[in-house]
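Undergrad: My questions all concern the structure below.
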Amino acid sequence: MTPGLAWWTMNTVNTHKSAGKPAVLRVLLVEDSVPVRQRIRSLIEESCPVEIVGETGSASTALALFQVHQPHAVVLDLNLAEGDGVQVLATIKRSHPACVVVVLTNFDIPESRGQCVWLGADHFFHKSSEFERVPEVLAELVCYDAFKPVPTPVIDRAHAAAAHALRGVACPPSPEATLPQRADLAPVPENLMNLPSHAYQPRILVIDDNIAIHDVFRQILGSVAAAGSVLQPANFAIDVATQGAEALALVQQAVAAGRPYAVAFVDIHMPPGWDGIETARRLWHICPAMQIVICTAYPDFPWADLQEQIKPRDRLLILKKPFDAAEVLQLAYTLTEKWRLQHESSTLLHNLEASVQLRTQELEAARLDAISLMEEAVQSREKDRQSCESLRHEMTERSRLEQRFRDQAALLDKTSDAIVTRDLAHRITYWNKGAEQIYGWTSEEVIGRSFSELHYRDAAPFEQACAAVVRLGEWHGELREVNKAGTPVLVEGRWTLLRDAAGRPHGILAINTDITEKNQLQQQFLRAQRMDSIGTLAGGIAHDLNNALAPIMMSIELLKLREQNPQRMSMLATIEGSAKHGADMVRQLLSFARGVEGKRLVVQVGHLLKEIEKFANETFLKTIQVRSDIPRDLWTVQGDPTQLHQVLLNLCVNARDAMPGGGTLKLAARNLMLDEHYVGLNGEGKPGPHLLIQVADTGTGMPPAVIERIFEPFYTTKELGKGTGLGLSTTLGIIKSHGGFLRVNSEVGQGTLFRIYLPAQAAVAADAAAPVHRELPHGHGELVLVVDDESAVREITRQTLEAFGYRVLLACDGAEATALYSVRKQDIAAVLTDMMMPVMDGPSTIQTLMRINPEVRIIAATGLNANGIEANAVNAGVKHFLPKPYTAETLLIALQAVL
């Protein structure tokens with residue numbers, strides 16, 4: 001019996017003699033290897049009074065046995081074939097902290113040992129070297145007082161220090177004053193006492209010659225700022241340096257101390273020392289695994305140049321100043337996590353290689369022993385059977401090690417990128433979880449199948465990329481692939497050629513990132529740019545159309561003065577109406593393409609609906625019947641008639657497109673009083689009078705999935721080139737700006753109904769009365785200076801003013817107008833000037849005339865408020881404006897008001 005067991009037996013026997021109870025230690029064995037489990041049981045039963053309450057190799061069975069028998073101690077294998085030993089340890093210590101747990105393992109990994117200490121393990125054994133000491137340590141760790149474990153910890157000070165270091169807190173006061181000094185306790189392994197703290201608190205180095213930037217990073221990455229983030233609270237150790245040389249010294253010290261930096265944020269310019277590129281090269285020379293973020297506010301170093309100057313590329317990112325706090329914090333979390341995973345993977349692989357090498361040596365020795373035993377087996381058949389059994393056991397152990405290696409590959413499943421390996425014949429050999437998410441196939445479905453046959457409808461780009469990998473060793477670019485459902489997927493691929501130990505190519509590693517959504521956002525951005533270009537083009541067209549319509553509208557007034565024939569008067573009225581309609585169309589074009597704000601007026605929606613009905617009957621296919629139900633007593637609404645006209649037109653055009661084979665388009669409106677109950681149920685609008693407008697069609701209809709998205713900008717179900725995806729989003733915006741709301745009902749194959757609710761004024765608007773002829777105001781010989789770059793506008797304006805009693809001076813631009821006014825400023829009563837002219841535009845002309853005569857009377861005429869022209873004119877002192885194209889009536893009334 002060992003000295004430790006003798007001590008335990010003596011103490012427990014003496015204690016329980018006084019209590020009148022037998023001294024029996026209850027132990028639970030959790031080990032998946034039956035020979036090892038039998039050996040432990042034999043050792044314990046031979047050494048002390050013990051009751052083995054249960055034996056198992058399964059984590060779930062172990063927890064069930066523990067709850068039933070409540071043992072004093074548990075001997076636990078950390079690496080179970082069925083379940084996780086770490087989870088068993090955590091569960092036992094969480095529910096019964098006083099239970100003694102002794103951990104067994106085949107691998108001496110510091111991180112695993114530290115994790116077990118942190119969870120509360122009382123001792124840690126390596127099976128190959130410390131196997132025989134299990135009974136002795138059980139006797140050391142367990143002492144009894146009426147079969148109740150004492151609450152004071154028996155783990156020594158070094159174990160406690162390591163555990164508290166892992167938790168990130170200071171070690172509590174030493175318990176030597178309350179615990180008995182035990183000289184026979186097993187020593188704590190040195191690698192457990194020196195666990196690397198950087199594995200639990202990532203270190204970040206900020207390198208910038210601007211000290212204020214240091215404070216910015218501390219605020220962003222500090223615990224207070226991070227606590228308010230959507231990410232987990234930060235636990236970064238942050239150091240700073242102002243020059244590359246100083247940073248290099250800090251990195252050298254960190255590497256020498258075994259606490260390297262995970263991430264460095266490096267400024268691109270740090271005079272007078274090294275720049276960010278040189279600093280990155282030198283830091284990587286000392287610490288190759290460091291993740292580096294180049295911070296810059298200048299475009300001096302394009303990304304392509306940085307890639308050529310700094311390698312490897314997989315550990316470099318560019319961060320533009322000024323910083324976005326969320327972006328910096330996300331980079332810190334992502335890069336430190338990447339560094340940590342790489343560090344853990346390297347450590348695990350190193351330990352695994354050492355274990356495999358050791359096990360290989362052991363297997364080789366076992367093989368030689370087996371040969372020797374087989375030579376002796378001629379005399380003993382029983383010895384032959386035993387040697388074969390031993391060899392079979394060793395092979396099983398090797399297979400378990402290979403399975404462990406495959407388990408480490410599960411780390412790659414944490415990334416959202418598709419990581420795929422294939423041989424040179426493109427048969428898939430590895431397929432991670434990220435690939436399952438992107439492509440839809442599981443690993444079992446694709447292993448051994450051809451990558452090109454699964455993912456490419458046109459294999460030519462794929463073959464070109466493969467050729468580039470074989471020729472250059474790597475390839476980077478975009479490929480269009482398809483997933484399991486046949487949906488196109490755009491991926492950004494980074495491929496690397498894999499070689500064996502002899503340098504011969506044997507496969508390709510592909511890391512593919514799904515950029516389909518990113519590409520769609522780029523397309524939407526380009527479409528928005530095209531819409532902006534259309535707006536600019538519409539502005540230029542509107543200006544030219546206004547100048548073309550102005551002479552027509554003023555000429556009509558002059559012709560009416562000289563015409564008495566009713567038939568010709570009717571023709572002139574038709575021409576006048578068409579010209580005004582053209583002017584309204586120009587204003588509507590500007591409102592749609594450039595967002596020009598309209599005036600809010602009292603609008604009779606019934607008139608708008610009749611105009612839309614007429615437009616539809618004249619322009620839609622004859623297979624579409626247009627019907628209307630428009631009462632005469634409709635309430636009026638306060639709004640912009642042009643924008644409301646656009647809303648109705650958008651809905652009617654959509655209805656037309658939904659009826660390619662013909663159908664019925666119905667326009668209706670009625671008065672509606674919304675009460676509190678209706679508003680409460682629908683969650684929109686306000687109680688009071690409303691006008692309900694309905695646009696219904698008998699077209700193809702829409703499924704619910706489409707209805708949910710029809711108001712999204714740029715979303716369209718029409719073919720490419722037949723829709724912008726902005727019609728309904730613009731419609732919804734206009735309705736909301738008028739204080740209203742919109743409802744949609746649609747059934748596939750039945751049609752669609754749009755209902756528009758607009759706040760109304762509960763008073764019936766009188767029908768448009770017959771136009772009353774009014775006498776146009778005349779002048780009394782006043783001299784008017786007319787400034788316009790269009791000769792037709794100048795000439796018709798002169799004729800109109802002279803016909804109504806004014807004298808006129810003409811100027812083709814601002815420079816000529818300034819010269820004329822400086823000579824005849826005493827005679828000129830008013831100035832009518834266009835706002836958009838060559839040489840000298842309207843605002844410049846107005847400012848010059850104001851300097852000559854601050855009291856000058858000016859009327860500004862414009863058809864396009866581009867670049868804030870009206871605002872500039874108002875600031876210069878202009879109070880009267882004429883919208884182009886203007887009629888003789890509006891011109892004469894404005895001139896009368898000025899004079």
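Each chain in the structure tokens gets a letter, A, B, ..., in the order shown, and its residues are numbered from 1; ligands are numbered from 1 in order too.
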Using DSSP on the backbone coordinates, identify the residues of region 458-533 of chain A assigned to alpha helix (DSSP H); present them as a PyMOL selection string.
TA: chain A and resi 460-472+516-533
Undergrad: Which residues, written as a list in words, have at least one atom at most 12 Å from Trp284 (chain A), with only C-alpha atoms counted and residues fewer than 3 positions away on the same chain left out?
TA: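 Surrounding residues, per the criterion: Ala247, Leu248, Val251, Gln252, Val255, Pro260, Tyr261, Ala262, Val263, Ala264, Ile277, Glu278, Thr279, Ala280, Arg281, Cys287, Pro288, Ala289, Met290, Gln291, Ile292, Ile310, Lys311, Pro312, Arg313, Arg315 and Leu316 of chain A.
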Undergrad: Near Val831 (chain A), within 9 Å and counting only C-alpha atoms, which residues show up once chain neighbours fewer than 2 positions away are dropped, as an mmCIF file with N, CA, C and O atoms, in the first residue's frame?
TA:
data_model
loop_
_atom_site.group_PDB
_atom_site.id
_atom_site.type_symbol
_atom_site.label_atom_id
_atom_site.label_comp_id
_atom_site.auth_asym_id
_atom_site.auth_seq_id
_atom_site.Cartn_x
_atom_site.Cartn_y
_atom_site.Cartn_z
ATOM 1 N N LEU A 783 -41.352 102.057 -70.472
ATOM 2 C CA LEU A 783 -40.291 101.374 -71.206
ATOM 3 C C LEU A 783 -39.863 100.134 -70.415
ATOM 4 O O LEU A 783 -39.488 100.237 -69.241
ATOM 5 N N VAL A 784 -39.919 98.971 -71.078
ATOM 6 C CA VAL A 784 -39.583 97.690 -70.433
ATOM 7 C C VAL A 784 -38.384 97.079 -71.157
ATOM 8 O O VAL A 784 -38.384 96.982 -72.393
ATOM 9 N N LEU A 785 -37.362 96.685 -70.391
ATOM 10 C CA LEU A 785 -36.187 96.021 -70.945
ATOM 11 C C LEU A 785 -36.409 94.503 -70.846
ATOM 12 O O LEU A 785 -36.554 93.945 -69.750
ATOM 13 N N VAL A 786 -36.455 93.827 -72.024
ATOM 14 C CA VAL A 786 -36.672 92.370 -72.089
ATOM 15 C C VAL A 786 -35.333 91.696 -72.408
ATOM 16 O O VAL A 786 -34.706 91.999 -73.434
ATOM 17 N N VAL A 787 -34.903 90.760 -71.515
ATOM 18 C CA VAL A 787 -33.600 90.095 -71.656
ATOM 19 C C VAL A 787 -33.853 88.588 -71.771
ATOM 20 O O VAL A 787 -34.353 87.956 -70.836
ATOM 21 N N ILE A 828 -36.004 103.410 -68.209
ATOM 22 C CA ILE A 828 -36.492 102.033 -68.099
ATOM 23 C C ILE A 828 -37.293 101.885 -66.797
ATOM 24 O O ILE A 828 -36.787 102.120 -65.699
ATOM 25 N N ALA A 829 -38.574 101.473 -66.953
ATOM 26 C CA ALA A 829 -39.453 101.327 -65.784
ATOM 27 C C ALA A 829 -39.329 99.952 -65.142
ATOM 28 O O ALA A 829 -39.524 99.808 -63.933
ATOM 29 N N THR A 833 -36.214 89.535 -67.196
ATOM 30 C CA THR A 833 -35.001 88.799 -67.581
ATOM 31 C C THR A 833 -35.170 87.299 -67.382
ATOM 32 O O THR A 833 -35.798 86.846 -66.425
ATOM 33 N N VAL A 856 -34.195 99.244 -58.899
ATOM 34 C CA VAL A 856 -34.662 98.727 -60.177
ATOM 35 C C VAL A 856 -35.744 97.676 -59.942
ATOM 36 O O VAL A 856 -35.686 96.879 -59.010
ATOM 37 N N ARG A 857 -36.786 97.725 -60.799
ATOM 38 C CA ARG A 857 -37.882 96.760 -60.717
ATOM 39 C C ARG A 857 -37.582 95.622 -61.684
ATOM 40 O O ARG A 857 -37.443 95.849 -62.889
ATOM 41 N N ILE A 858 -37.543 94.385 -61.146
ATOM 42 C CA ILE A 858 -37.116 93.219 -61.945
ATOM 43 C C ILE A 858 -38.150 92.108 -61.808
ATOM 44 O O ILE A 858 -38.631 91.817 -60.719
ATOM 45 N N ILE A 859 -38.477 91.508 -62.976
ATOM 46 C CA ILE A 859 -39.286 90.279 -63.017
ATOM 47 C C ILE A 859 -38.388 89.176 -63.573
ATOM 48 O O ILE A 859 -37.840 89.307 -64.672
ATOM 49 N N ALA A 860 -38.229 88.088 -62.811
ATOM 50 C CA ALA A 860 -37.376 86.975 -63.232
ATOM 51 C C ALA A 860 -38.242 85.879 -63.826
ATOM 52 O O ALA A 860 -39.253 85.485 -63.244
#
Undergrad: Can you work out which one of A:Leu454, A:Cys812, A:Val839, A:Leu742 has the shortest atom-to-atom distance to His426 (chain A), counting only C-alpha atoms?
TA: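 Among A:Leu454, A:Cys812, A:Val839, A:Leu742, it is A:Leu454 that comes nearest to His426 (chain A).
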Undergrad: Which residue gives the smallest distance to Gln361 (chain A) among A:Glu394, A:Glu130, A:Asp514, A:Glu557, with only C-alpha atoms counted?
TA: A:Glu394
Undergrad: So that I can check the surroundings of Met659 (chain A), please list as a list of chain:residue names every protein, DNA and RNA residue that reaches within 9 Å of it, counting only C-alpha atoms and ignoring chain neighbours fewer than 5 positions away.
TA: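 Selected residues are A:Ile624, A:Asn654, A:Thr664, A:Asp697, A:Thr698, A:Gly699, A:Thr700, A:Gly751.
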Undergrad: I want to know what sits within 8 Å of Met836 (chain A), based on only C-alpha atoms, with residues of the same chain fewer than 4 positions away left out; could you give that as a PyMOL selection string?
TA: chain A and resi 841-842+862
Undergrad: At a cut-off of 7 Å, using only C-alpha atoms, what residues contact Phe236 (chain A)? Leave out same-chain residues fewer than 6 positions from it and give the result as an MDAnalysis selection string.
TA: chainID A and resid 201:204
Undergrad: If you count only C-alpha atoms, which residues fall within 6 Å of Leu490 (chain A), apart from same-chain ones fewer than 3 positions away, as a CSV table (one decimal) with C-alpha atoms, in the first residue's frame?
TA:
chain,number,residue,atom,x,y,z
A,479,LEU,CA,-17.2,32.9,-61.1
A,480,ARG,CA,-20.9,32.4,-61.8
A,515,ILE,CA,-21.0,38.0,-53.3
A,516,THR,CA,-24.4,37.7,-55.0
